[in-house]
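Here the structure is laid out as structure tokens; the discussion comes afterwards.
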Amino acid sequence: MSSGPIAHVHLSNIVANWRALGGLNPSSETGAVVKADGYGHGAAVVSGALAHAGCQTFFTAHAHEGAVVRKAVGGDAVIYVLNGPSAEDVPLYASAALRPVINSMAQLQVWKAAGLDMPIALKFDTGMNRLGLSARDMTDAAAAAKGLNIAHIMSHLACADEPDHEKNTYQLNVFRRIAQHFPDTPASLSNSAGCYLGPDYAFHLTRPGIALYGGGPRGPLDLKPGLTLTAPVLAVNNGAPGETIGYGATYRLAGARKLATVALGYADGLPRSASNSGFGVSEGVRCPIIGRVSMDLTILDVTDAIAHMSPGVRIEFIGAEADLREQAALSGTIGYELLTGLGPRVERIYG
Ligand SMILES: *Cc1c(COP(=O)(O)O)cnc(C)c1O
């Protein structure tokens, strides 16, 4: 085991979260979004565990990510590549049996030119102006896609994490009109937050990502953390009143404090913006980050946890005790960015 930062990945929690999400919309299939290396948890291991639990449809952003998932899930599962095909990636689609998500007329042409007959998805933009065939060009797109093997249609919600946002019903209605042009084609609309919006949004398939890993908006489910991030204390020091902490001397001690220097820094994915704002937890005691987060090291005020503080003790930064959402918010970011930012130096241990 590493003497540095460790992410203990809780596969059984991820599977339990996937099942719980499925329970919200029991008449729809529940897929799994495992892009960005399974939101930092390890796409191969996570998708293998979910496939074993019965998940049949996976989503990645890139074809090369899809190829990794294919090795882990075997031949039967469906893998969609959300960012869509490029000419360079066509051989990978063929060899790993990936299904492209077609997001534009240009991607439609790329796929047609490839001459492959495997199933595809069409993604429509219903109001996010990010990626997807324009709902305005619906009839053109449907005509251009004639002869292709359209197995799925989808769109993506911009504001699902705000249940009362008017954009949700707007996008739902636009997507329903699109779906009428593809009456026998399965459809999906909902990311994690969309799974909480009720059965109207579930269609045939849901596409949760962050909720599998315990993050996203606080919905009706008691989601469990996908991983626990810990890092070891390297040194315990005494800080005297008036002394300053770390680079830039951005924190000054008001009184005598106990300090712990931990082997976790921004190179590992603890954002520099956690300086003077984030926290670690040791045996249930919350210890604030003081001073700047540096590349490999972070300093905590452990005065309230000194009874059990010594070099080698591991401090939790994300997990059951250190809530992902809260830790992220204190750094001005979101759980997605924290998880996907965990660096290669953080050892992943699976259990
Ligand atoms: C990333 C992504 C998802 C998953 O979103 P979460 O908010 O992580 O659940 C679903 N659909 C599409 C198109 C995505 O890009």
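Every chain in the structure tokens takes a letter, A first, then B, and so on in the order presented; its residues are numbered from 1, and the ligands are numbered from 1 following the presented order.
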What residues of the protein or nucleic acid chains come within 7 Å of ligand 1 when you use only C-alpha atoms and all ligand atoms? Reply as JSON, numbers by chain. {"A": [33, 82, 155, 156, 190, 191, 192, 193, 207, 208, 209, 210, 211, 216]}
For the residues in the current selection, export N, CA, C and O atoms as a PDB file, in the first residue's frame.
```pdb
ATOM      1  N   VAL A  33     -22.658   6.199 -16.660  1.00  0.00           N
ATOM      2  CA  VAL A  33     -21.693   7.057 -17.338  1.00  0.00           C
ATOM      3  C   VAL A  33     -20.344   6.882 -16.629  1.00  0.00           C
ATOM      4  O   VAL A  33     -20.228   7.108 -15.422  1.00  0.00           O
ATOM      5  N   LEU A  82     -20.107   9.475 -26.208  1.00  0.00           N
ATOM      6  CA  LEU A  82     -20.920  10.695 -26.206  1.00  0.00           C
ATOM      7  C   LEU A  82     -20.380  11.793 -27.110  1.00  0.00           C
ATOM      8  O   LEU A  82     -21.151  12.545 -27.700  1.00  0.00           O
ATOM      9  N   SER A 155     -31.070  13.535 -25.519  1.00  0.00           N
ATOM     10  CA  SER A 155     -30.745  14.941 -25.334  1.00  0.00           C
ATOM     11  C   SER A 155     -30.213  15.089 -23.917  1.00  0.00           C
ATOM     12  O   SER A 155     -30.128  14.092 -23.178  1.00  0.00           O
ATOM     13  N   HIS A 156     -29.818  16.298 -23.554  1.00  0.00           N
ATOM     14  CA  HIS A 156     -29.168  16.483 -22.257  1.00  0.00           C
ATOM     15  C   HIS A 156     -29.738  17.725 -21.582  1.00  0.00           C
ATOM     16  O   HIS A 156     -29.929  18.760 -22.228  1.00  0.00           O
ATOM     17  N   SER A 190     -32.103  11.888 -19.159  1.00  0.00           N
ATOM     18  CA  SER A 190     -31.730  12.264 -17.794  1.00  0.00           C
ATOM     19  C   SER A 190     -30.330  11.844 -17.389  1.00  0.00           C
ATOM     20  O   SER A 190     -29.970  10.667 -17.460  1.00  0.00           O
ATOM     21  N   ASN A 191     -29.555  12.816 -16.923  1.00  0.00           N
ATOM     22  CA  ASN A 191     -28.328  12.549 -16.174  1.00  0.00           C
ATOM     23  C   ASN A 191     -28.738  12.240 -14.725  1.00  0.00           C
ATOM     24  O   ASN A 191     -29.924  12.023 -14.444  1.00  0.00           O
ATOM     25  N   SER A 192     -27.785  12.275 -13.802  1.00  0.00           N
ATOM     26  CA  SER A 192     -28.111  11.939 -12.399  1.00  0.00           C
ATOM     27  C   SER A 192     -29.248  12.793 -11.869  1.00  0.00           C
ATOM     28  O   SER A 192     -30.250  12.276 -11.356  1.00  0.00           O
ATOM     29  N   ALA A 193     -29.096  14.110 -11.990  1.00  0.00           N
ATOM     30  CA  ALA A 193     -30.108  15.001 -11.428  1.00  0.00           C
ATOM     31  C   ALA A 193     -31.445  14.799 -12.117  1.00  0.00           C
ATOM     32  O   ALA A 193     -32.505  14.916 -11.490  1.00  0.00           O
ATOM     33  N   ARG A 207     -29.151   8.060 -17.723  1.00  0.00           N
ATOM     34  CA  ARG A 207     -27.696   8.115 -17.896  1.00  0.00           C
ATOM     35  C   ARG A 207     -27.026   8.755 -16.682  1.00  0.00           C
ATOM     36  O   ARG A 207     -26.359   9.781 -16.790  1.00  0.00           O
ATOM     37  N   PRO A 208     -27.160   8.159 -15.503  1.00  0.00           N
ATOM     38  CA  PRO A 208     -26.510   8.771 -14.342  1.00  0.00           C
ATOM     39  C   PRO A 208     -24.993   8.598 -14.381  1.00  0.00           C
ATOM     40  O   PRO A 208     -24.484   7.561 -14.789  1.00  0.00           O
ATOM     41  N   GLY A 209     -24.305   9.640 -13.958  1.00  0.00           N
ATOM     42  CA  GLY A 209     -22.857   9.588 -13.800  1.00  0.00           C
ATOM     43  C   GLY A 209     -22.508   9.876 -12.349  1.00  0.00           C
ATOM     44  O   GLY A 209     -22.348   8.971 -11.530  1.00  0.00           O
ATOM     45  N   ILE A 210     -22.482  11.157 -12.000  1.00  0.00           N
ATOM     46  CA  ILE A 210     -21.960  11.580 -10.690  1.00  0.00           C
ATOM     47  C   ILE A 210     -22.658  10.885  -9.517  1.00  0.00           C
ATOM     48  O   ILE A 210     -22.018  10.585  -8.504  1.00  0.00           O
ATOM     49  N   ALA A 211     -23.948  10.596  -9.645  1.00  0.00           N
ATOM     50  CA  ALA A 211     -24.667   9.977  -8.517  1.00  0.00           C
ATOM     51  C   ALA A 211     -24.162   8.561  -8.240  1.00  0.00           C
ATOM     52  O   ALA A 211     -24.223   8.089  -7.100  1.00  0.00           O
ATOM     53  N   GLY A 216     -23.326  14.866  -6.861  1.00  0.00           N
ATOM     54  CA  GLY A 216     -24.464  15.489  -7.518  1.00  0.00           C
ATOM     55  C   GLY A 216     -25.396  16.106  -6.504  1.00  0.00           C
ATOM     56  O   GLY A 216     -25.107  16.133  -5.305  1.00  0.00           O
TER      57      GLY A 216
END
```
List the spatial neighbours of Ser282 in chain A as number ranges by chain - criterion: any atom at most 7 Å away, only C-alpha atoms, same-chain residues fewer than 6 positions off excluded. A: 305, 315-316
Go ahead and save the picked residues with C-alpha atoms, as a CSV table (one decimal), in the first residue's frame.
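Contents of the output file again.csv:
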```
chain,number,residue,atom,x,y,z
A,305,ALA,CA,-7.4,16.1,17.1
A,315,ILE,CA,-6.5,12.1,7.3
A,316,GLU,CA,-9.7,11.9,5.2
```
Using only C-alpha atoms, which protein or nucleic acid residues come within 10 Å of His10 in chain A? Drop anything in the same chain fewer than 3 positions from it, and give the result as an MDAnalysis selection string. chainID A and resid 7 13:16 41 46 213 224:228 349:351
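CA of Arg345 in chain A lies 7.9 Å from CA of Ala267 in chain A.
Shell of Arg99 in chain A at 10 Å, with only C-alpha atoms counted and residues fewer than 2 places along the chain excluded, is Phe59, Ala63, Gly66, Val78, Ile79, Tyr80, Val81, Leu82, Gly84, Pro85, Tyr93, Ala94, Ala96, Ala97, Val101, Ile102, Met118, Pro119, Ile120, Ala121, Ala151 and His152 of chain A.
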Take the selection from the previous step and output its residues with N, CA, C and O atoms, as a compact mmCIF listing (two decimals), in the first residue's frame.
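Result written to result.txt:
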```
# COMPACT_ATOMS: atom_id res chain seq x y z
N PHE A 59 -21.66 4.67 -20.99
CA PHE A 59 -21.37 5.87 -21.77
C PHE A 59 -19.97 6.37 -21.42
O PHE A 59 -19.62 6.49 -20.24
N ALA A 63 -13.75 7.59 -27.74
CA ALA A 63 -13.70 6.21 -28.22
C ALA A 63 -12.64 5.40 -27.46
O ALA A 63 -12.87 4.24 -27.12
N GLY A 66 -14.03 4.20 -24.43
CA GLY A 66 -14.97 3.11 -24.71
C GLY A 66 -14.25 1.78 -24.89
O GLY A 66 -14.74 0.73 -24.46
N VAL A 78 -23.73 -2.62 -24.19
CA VAL A 78 -23.75 -1.53 -25.16
C VAL A 78 -22.89 -0.39 -24.63
O VAL A 78 -22.98 -0.04 -23.45
N ILE A 79 -22.04 0.14 -25.49
CA ILE A 79 -21.19 1.27 -25.08
C ILE A 79 -21.38 2.41 -26.08
O ILE A 79 -21.08 2.26 -27.27
N TYR A 80 -21.87 3.54 -25.59
CA TYR A 80 -22.03 4.72 -26.42
C TYR A 80 -20.90 5.71 -26.15
O TYR A 80 -20.50 5.90 -24.99
N VAL A 81 -20.43 6.34 -27.21
CA VAL A 81 -19.38 7.36 -27.10
C VAL A 81 -20.02 8.72 -27.30
O VAL A 81 -20.43 9.08 -28.41
N LEU A 82 -20.11 9.48 -26.21
CA LEU A 82 -20.92 10.70 -26.21
C LEU A 82 -20.38 11.79 -27.11
O LEU A 82 -21.15 12.55 -27.70
N GLY A 84 -18.96 11.62 -29.88
CA GLY A 84 -19.21 11.36 -31.29
C GLY A 84 -17.97 11.01 -32.07
O GLY A 84 -16.85 11.16 -31.59
N PRO A 85 -18.17 10.53 -33.31
CA PRO A 85 -17.06 9.96 -34.07
C PRO A 85 -16.24 10.99 -34.84
O PRO A 85 -16.74 12.03 -35.25
N TYR A 93 -14.08 2.23 -33.23
CA TYR A 93 -15.50 1.91 -33.12
C TYR A 93 -15.77 0.49 -33.61
O TYR A 93 -16.53 -0.27 -33.01
N ALA A 94 -15.10 0.15 -34.72
CA ALA A 94 -15.31 -1.17 -35.30
C ALA A 94 -14.71 -2.25 -34.41
O ALA A 94 -15.38 -3.23 -34.07
N ALA A 96 -13.79 -2.26 -31.20
CA ALA A 96 -14.31 -2.39 -29.83
C ALA A 96 -15.83 -2.39 -29.80
O ALA A 96 -16.43 -2.37 -28.72
N ALA A 97 -16.45 -2.45 -30.97
CA ALA A 97 -17.92 -2.48 -31.06
C ALA A 97 -18.55 -1.36 -30.25
O ALA A 97 -19.41 -1.57 -29.39
N VAL A 101 -22.39 8.38 -30.70
CA VAL A 101 -23.48 9.34 -30.54
C VAL A 101 -23.22 10.44 -31.56
O VAL A 101 -22.19 11.10 -31.53
N ILE A 102 -24.17 10.60 -32.48
CA ILE A 102 -24.01 11.59 -33.55
C ILE A 102 -24.56 12.91 -33.06
O ILE A 102 -25.74 13.02 -32.72
N MET A 118 -23.14 -0.63 -37.75
CA MET A 118 -23.53 -0.85 -36.36
C MET A 118 -24.49 0.23 -35.86
O MET A 118 -24.59 1.32 -36.45
N PRO A 119 -25.19 -0.06 -34.75
CA PRO A 119 -26.18 0.89 -34.25
C PRO A 119 -25.55 2.20 -33.78
O PRO A 119 -24.41 2.22 -33.31
N ILE A 120 -26.32 3.26 -33.90
CA ILE A 120 -25.86 4.59 -33.48
C ILE A 120 -26.94 5.26 -32.64
O ILE A 120 -28.09 4.82 -32.62
N ALA A 121 -26.54 6.32 -31.96
CA ALA A 121 -27.51 7.20 -31.30
C ALA A 121 -27.46 8.56 -31.96
O ALA A 121 -26.41 9.00 -32.42
N ALA A 151 -30.42 3.41 -33.18
CA ALA A 151 -30.88 2.57 -32.07
C ALA A 151 -31.35 3.39 -30.87
O ALA A 151 -31.96 2.85 -29.95
N HIS A 152 -31.03 4.68 -30.87
CA HIS A 152 -31.30 5.47 -29.67
C HIS A 152 -31.33 6.95 -30.04
O HIS A 152 -30.59 7.38 -30.92
```
Skipping near chain neighbours, those fewer than 3 positions away, what residues fall within 12 Å of Gly147 in chain A using only C-alpha atoms, listed as a ChimeraX atom specification? /A:108,111-112,115-120,141-144,150-151
Please save N, CA and C atoms of the selected residues as a PDB file, in the first residue's frame.
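As written to disk, result.pdb reads:
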```
ATOM      1  N   LEU A 108     -22.490  13.130 -38.685  1.00  0.00           N
ATOM      2  CA  LEU A 108     -23.342  12.225 -39.468  1.00  0.00           C
ATOM      3  C   LEU A 108     -22.632  11.853 -40.778  1.00  0.00           C
ATOM      4  N   TRP A 111     -19.776   9.469 -40.146  1.00  0.00           N
ATOM      5  CA  TRP A 111     -20.238   8.099 -39.900  1.00  0.00           C
ATOM      6  C   TRP A 111     -20.734   7.424 -41.177  1.00  0.00           C
ATOM      7  N   LYS A 112     -21.419   8.218 -41.989  1.00  0.00           N
ATOM      8  CA  LYS A 112     -21.890   7.653 -43.265  1.00  0.00           C
ATOM      9  C   LYS A 112     -20.700   7.223 -44.126  1.00  0.00           C
ATOM     10  N   GLY A 115     -19.118   3.870 -43.465  1.00  0.00           N
ATOM     11  CA  GLY A 115     -19.774   2.710 -44.068  1.00  0.00           C
ATOM     12  C   GLY A 115     -19.981   1.541 -43.123  1.00  0.00           C
ATOM     13  N   LEU A 116     -19.997   1.790 -41.826  1.00  0.00           N
ATOM     14  CA  LEU A 116     -20.250   0.712 -40.862  1.00  0.00           C
ATOM     15  C   LEU A 116     -21.751   0.626 -40.599  1.00  0.00           C
ATOM     16  N   ASP A 117     -22.232  -0.587 -40.304  1.00  0.00           N
ATOM     17  CA  ASP A 117     -23.682  -0.695 -40.130  1.00  0.00           C
ATOM     18  C   ASP A 117     -24.080  -0.908 -38.671  1.00  0.00           C
ATOM     19  N   MET A 118     -23.143  -0.628 -37.752  1.00  0.00           N
ATOM     20  CA  MET A 118     -23.528  -0.847 -36.358  1.00  0.00           C
ATOM     21  C   MET A 118     -24.487   0.233 -35.862  1.00  0.00           C
ATOM     22  N   PRO A 119     -25.185  -0.057 -34.749  1.00  0.00           N
ATOM     23  CA  PRO A 119     -26.184   0.894 -34.245  1.00  0.00           C
ATOM     24  C   PRO A 119     -25.552   2.204 -33.778  1.00  0.00           C
ATOM     25  N   ILE A 120     -26.315   3.259 -33.901  1.00  0.00           N
ATOM     26  CA  ILE A 120     -25.856   4.590 -33.480  1.00  0.00           C
ATOM     27  C   ILE A 120     -26.941   5.263 -32.644  1.00  0.00           C
ATOM     28  N   ALA A 141     -32.148  16.376 -40.325  1.00  0.00           N
ATOM     29  CA  ALA A 141     -31.327  15.357 -39.666  1.00  0.00           C
ATOM     30  C   ALA A 141     -31.950  13.981 -39.863  1.00  0.00           C
ATOM     31  N   ALA A 142     -33.266  13.925 -39.677  1.00  0.00           N
ATOM     32  CA  ALA A 142     -33.950  12.633 -39.831  1.00  0.00           C
ATOM     33  C   ALA A 142     -33.788  12.115 -41.260  1.00  0.00           C
ATOM     34  N   ALA A 143     -33.869  13.027 -42.239  1.00  0.00           N
ATOM     35  CA  ALA A 143     -33.712  12.616 -43.634  1.00  0.00           C
ATOM     36  C   ALA A 143     -32.282  12.156 -43.898  1.00  0.00           C
ATOM     37  N   ALA A 144     -31.303  12.936 -43.383  1.00  0.00           N
ATOM     38  CA  ALA A 144     -29.893  12.595 -43.629  1.00  0.00           C
ATOM     39  C   ALA A 144     -29.521  11.276 -42.963  1.00  0.00           C
ATOM     40  N   ILE A 150     -30.378   3.575 -36.515  1.00  0.00           N
ATOM     41  CA  ILE A 150     -30.592   4.462 -35.352  1.00  0.00           C
ATOM     42  C   ILE A 150     -31.221   3.669 -34.214  1.00  0.00           C
ATOM     43  N   ALA A 151     -30.422   3.414 -33.178  1.00  0.00           N
ATOM     44  CA  ALA A 151     -30.877   2.572 -32.071  1.00  0.00           C
ATOM     45  C   ALA A 151     -31.346   3.388 -30.874  1.00  0.00           C
TER      46      ALA A 151
END
```
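Distances to Pro163 in chain A were evaluated for A:Thr185, A:Gly214, A:Arg70, A:Gly219 using only C-alpha atoms, and the minimum falls at A:Gly219.
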Neighbouring residues of range 196-203 of chain A were defined as those with any atom within 9 Å, considering only C-alpha atoms; residues of the same chain fewer than 4 positions away were excluded. Please report them as a ChimeraX atom specification. /A:21,24-25,27-29,160-161,163,168,172,186-190,192,219-220
Take the residues from that selection and write them out as a compact mmCIF listing (two decimals), in the first residue's frame, keeping all heavy atoms.
```txt
# COMPACT_ATOMS: atom_id res chain seq x y z
N LEU A 21 -30.59 4.22 -7.87
CA LEU A 21 -31.05 5.08 -8.96
C LEU A 21 -32.06 4.33 -9.82
O LEU A 21 -33.07 4.89 -10.25
CB LEU A 21 -29.86 5.55 -9.80
CG LEU A 21 -29.01 6.63 -9.14
CD1 LEU A 21 -27.60 6.63 -9.69
CD2 LEU A 21 -29.66 7.99 -9.31
N LEU A 24 -35.59 4.34 -8.58
CA LEU A 24 -36.38 5.56 -8.74
C LEU A 24 -37.22 5.52 -10.01
O LEU A 24 -38.27 6.15 -10.08
CB LEU A 24 -35.45 6.78 -8.84
CG LEU A 24 -34.81 7.28 -7.56
CD1 LEU A 24 -33.94 8.49 -7.86
CD2 LEU A 24 -35.86 7.64 -6.52
N ASN A 25 -36.69 4.85 -11.03
CA ASN A 25 -37.39 4.79 -12.32
C ASN A 25 -37.43 3.34 -12.79
O ASN A 25 -36.76 2.97 -13.76
CB ASN A 25 -36.68 5.69 -13.34
CG ASN A 25 -36.76 7.16 -12.97
OD1 ASN A 25 -37.84 7.73 -12.95
ND2 ASN A 25 -35.63 7.74 -12.63
N SER A 27 -39.37 1.47 -14.39
CA SER A 27 -39.77 1.02 -15.73
C SER A 27 -38.80 1.45 -16.82
O SER A 27 -39.03 1.18 -18.00
CB SER A 27 -41.21 1.43 -16.05
OG SER A 27 -41.46 2.71 -15.59
N SER A 28 -37.70 2.10 -16.43
CA SER A 28 -36.65 2.44 -17.40
C SER A 28 -35.40 1.64 -17.09
O SER A 28 -35.18 1.23 -15.95
CB SER A 28 -36.30 3.93 -17.31
OG SER A 28 -37.44 4.71 -17.50
N GLU A 29 -34.59 1.46 -18.12
CA GLU A 29 -33.27 0.89 -17.90
C GLU A 29 -32.37 1.95 -17.28
O GLU A 29 -32.50 3.14 -17.59
CB GLU A 29 -32.70 0.41 -19.25
CG GLU A 29 -31.34 -0.25 -19.14
CD GLU A 29 -30.67 -0.46 -20.50
OE1 GLU A 29 -31.35 -0.42 -21.54
OE2 GLU A 29 -29.43 -0.65 -20.49
N ALA A 160 -31.02 20.33 -14.66
CA ALA A 160 -31.72 19.28 -13.91
C ALA A 160 -31.45 19.38 -12.41
O ALA A 160 -32.25 18.91 -11.60
CB ALA A 160 -31.30 17.90 -14.43
N ASP A 161 -30.32 19.99 -12.03
CA ASP A 161 -30.02 20.12 -10.60
C ASP A 161 -30.85 21.21 -9.93
O ASP A 161 -30.75 21.40 -8.72
CB ASP A 161 -28.52 20.34 -10.39
CG ASP A 161 -27.98 21.53 -11.20
OD1 ASP A 161 -28.66 21.96 -12.16
OD2 ASP A 161 -26.90 22.02 -10.86
N PRO A 163 -34.65 21.57 -9.78
CA PRO A 163 -35.88 20.91 -10.21
C PRO A 163 -36.97 21.87 -10.68
O PRO A 163 -37.75 21.52 -11.56
CB PRO A 163 -36.34 20.14 -8.96
CG PRO A 163 -35.12 20.01 -8.12
CD PRO A 163 -34.22 21.17 -8.43
N ASN A 168 -36.24 22.94 -17.54
CA ASN A 168 -36.47 21.49 -17.54
C ASN A 168 -37.71 21.13 -18.36
O ASN A 168 -37.65 20.28 -19.25
CB ASN A 168 -36.61 20.96 -16.11
CG ASN A 168 -35.31 21.09 -15.34
OD1 ASN A 168 -34.23 20.87 -15.89
ND2 ASN A 168 -35.39 21.46 -14.06
N LEU A 172 -37.91 19.22 -21.92
CA LEU A 172 -38.73 18.00 -21.99
C LEU A 172 -39.70 18.08 -23.17
O LEU A 172 -39.85 17.13 -23.95
CB LEU A 172 -39.49 17.79 -20.67
CG LEU A 172 -40.46 16.62 -20.63
CD1 LEU A 172 -39.72 15.29 -20.82
CD2 LEU A 172 -41.25 16.60 -19.32
N PRO A 186 -35.81 3.84 -28.81
CA PRO A 186 -35.63 4.15 -27.39
C PRO A 186 -34.94 5.50 -27.20
O PRO A 186 -34.13 5.91 -28.05
CB PRO A 186 -34.74 3.02 -26.88
CG PRO A 186 -34.90 1.92 -27.88
CD PRO A 186 -35.19 2.57 -29.19
N ALA A 187 -35.27 6.17 -26.09
CA ALA A 187 -34.78 7.53 -25.87
C ALA A 187 -34.24 7.68 -24.45
O ALA A 187 -34.62 6.94 -23.55
CB ALA A 187 -35.94 8.51 -26.09
N SER A 188 -33.35 8.65 -24.29
CA SER A 188 -32.89 9.01 -22.94
C SER A 188 -32.68 10.51 -22.86
O SER A 188 -32.33 11.17 -23.85
CB SER A 188 -31.60 8.27 -22.56
OG SER A 188 -30.51 8.71 -23.35
N LEU A 189 -32.91 11.05 -21.66
CA LEU A 189 -32.78 12.49 -21.43
C LEU A 189 -32.04 12.81 -20.13
O LEU A 189 -31.40 13.84 -20.03
CB LEU A 189 -34.18 13.12 -21.39
CG LEU A 189 -34.29 14.62 -21.13
CD1 LEU A 189 -33.60 15.43 -22.23
CD2 LEU A 189 -35.76 15.06 -21.02
N SER A 190 -32.10 11.89 -19.16
CA SER A 190 -31.73 12.26 -17.79
C SER A 190 -30.33 11.84 -17.39
O SER A 190 -29.97 10.67 -17.46
CB SER A 190 -32.73 11.66 -16.80
OG SER A 190 -33.93 12.39 -16.85
N SER A 192 -27.79 12.28 -13.80
CA SER A 192 -28.11 11.94 -12.40
C SER A 192 -29.25 12.79 -11.87
O SER A 192 -30.25 12.28 -11.36
CB SER A 192 -26.89 12.16 -11.50
OG SER A 192 -25.83 11.33 -11.89
N GLY A 219 -30.51 14.46 -3.76
CA GLY A 219 -31.84 14.03 -4.19
C GLY A 219 -32.48 13.21 -3.09
O GLY A 219 -32.11 13.30 -1.92
N PRO A 220 -33.43 12.37 -3.47
CA PRO A 220 -34.17 11.58 -2.49
C PRO A 220 -33.39 10.38 -1.97
O PRO A 220 -33.85 9.71 -1.04
CB PRO A 220 -35.39 11.12 -3.30
CG PRO A 220 -34.92 11.10 -4.72
CD PRO A 220 -33.90 12.20 -4.84
```
Running DSSP on the backbone, which parts of range 78-267 of chain A land in alpha helix (DSSP H), as an MDAnalysis selection string? chainID A and resid 90:95 105:114 138:144 166:180
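Counting only C-alpha atoms, Val285 in chain A has the following residues at most 9 Å away, ignoring those fewer than 5 positions along the same chain: Gly280, Val302, Asp304 and Ala305 of chain A.
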What gap, in Å, lies between CA of Val34 in chain A and CA of Asn173 in chain A? 27.8 Å
Strand (DSSP E or B) per DSSP on the backbone: members of range 202-304 of chain A, as JSON, numbers by chain: {"A": [205, 206, 227, 228, 229, 230, 231, 232, 233, 234, 235, 236, 237, 238, 239, 244, 245, 251, 252, 257, 258, 259, 260, 261, 262, 279, 280, 281, 282, 285, 286, 287, 288, 289, 298, 299, 300, 301]}
Any chance you can output those residues with C-alpha atoms as a compact mmCIF listing (two decimals), in the first residue's frame?
```
# COMPACT_ATOMS: atom_id res chain seq x y z
CA LEU A 205 -33.01 4.72 -20.30
CA THR A 206 -31.34 7.02 -17.78
CA LEU A 227 -14.30 6.57 -2.81
CA THR A 228 -12.53 7.67 0.34
CA LEU A 229 -9.52 9.92 -0.21
CA THR A 230 -6.93 9.86 2.55
CA ALA A 231 -3.39 11.14 2.90
CA PRO A 232 -0.83 10.49 5.62
CA VAL A 233 0.52 12.96 8.13
CA LEU A 234 4.25 13.46 7.54
CA ALA A 235 5.01 15.73 10.48
CA VAL A 236 3.30 17.19 13.54
CA ASN A 237 4.57 20.60 14.53
CA ASN A 238 3.96 23.21 17.21
CA GLY A 239 2.93 26.61 15.89
CA THR A 244 2.72 32.26 9.62
CA ILE A 245 1.85 29.15 7.63
CA TYR A 251 -2.31 32.56 7.47
CA ARG A 252 -1.13 33.87 10.83
CA ARG A 257 -1.67 25.55 17.67
CA LYS A 258 -0.78 22.00 16.68
CA LEU A 259 -0.07 21.63 13.00
CA ALA A 260 0.01 18.56 10.79
CA THR A 261 1.67 18.53 7.38
CA VAL A 262 -0.02 16.03 5.09
CA PHE A 279 -10.64 20.60 5.58
CA GLY A 280 -9.54 17.13 6.57
CA VAL A 281 -11.15 14.80 9.08
CA SER A 282 -9.33 12.66 11.59
CA VAL A 285 -12.61 15.62 14.18
CA ARG A 286 -12.65 18.27 11.51
CA CYS A 287 -9.31 19.98 10.94
CA PRO A 288 -9.18 23.13 8.80
CA ILE A 289 -6.63 23.61 6.03
CA THR A 298 -0.97 20.70 2.86
CA ILE A 299 -1.00 21.98 6.43
CA LEU A 300 -3.91 21.42 8.80
CA ASP A 301 -4.70 22.85 12.21
```
Mind pulling up the distance from CA of Arg19 in chain A to CA of Ile318 in chain A? 22.4 Å
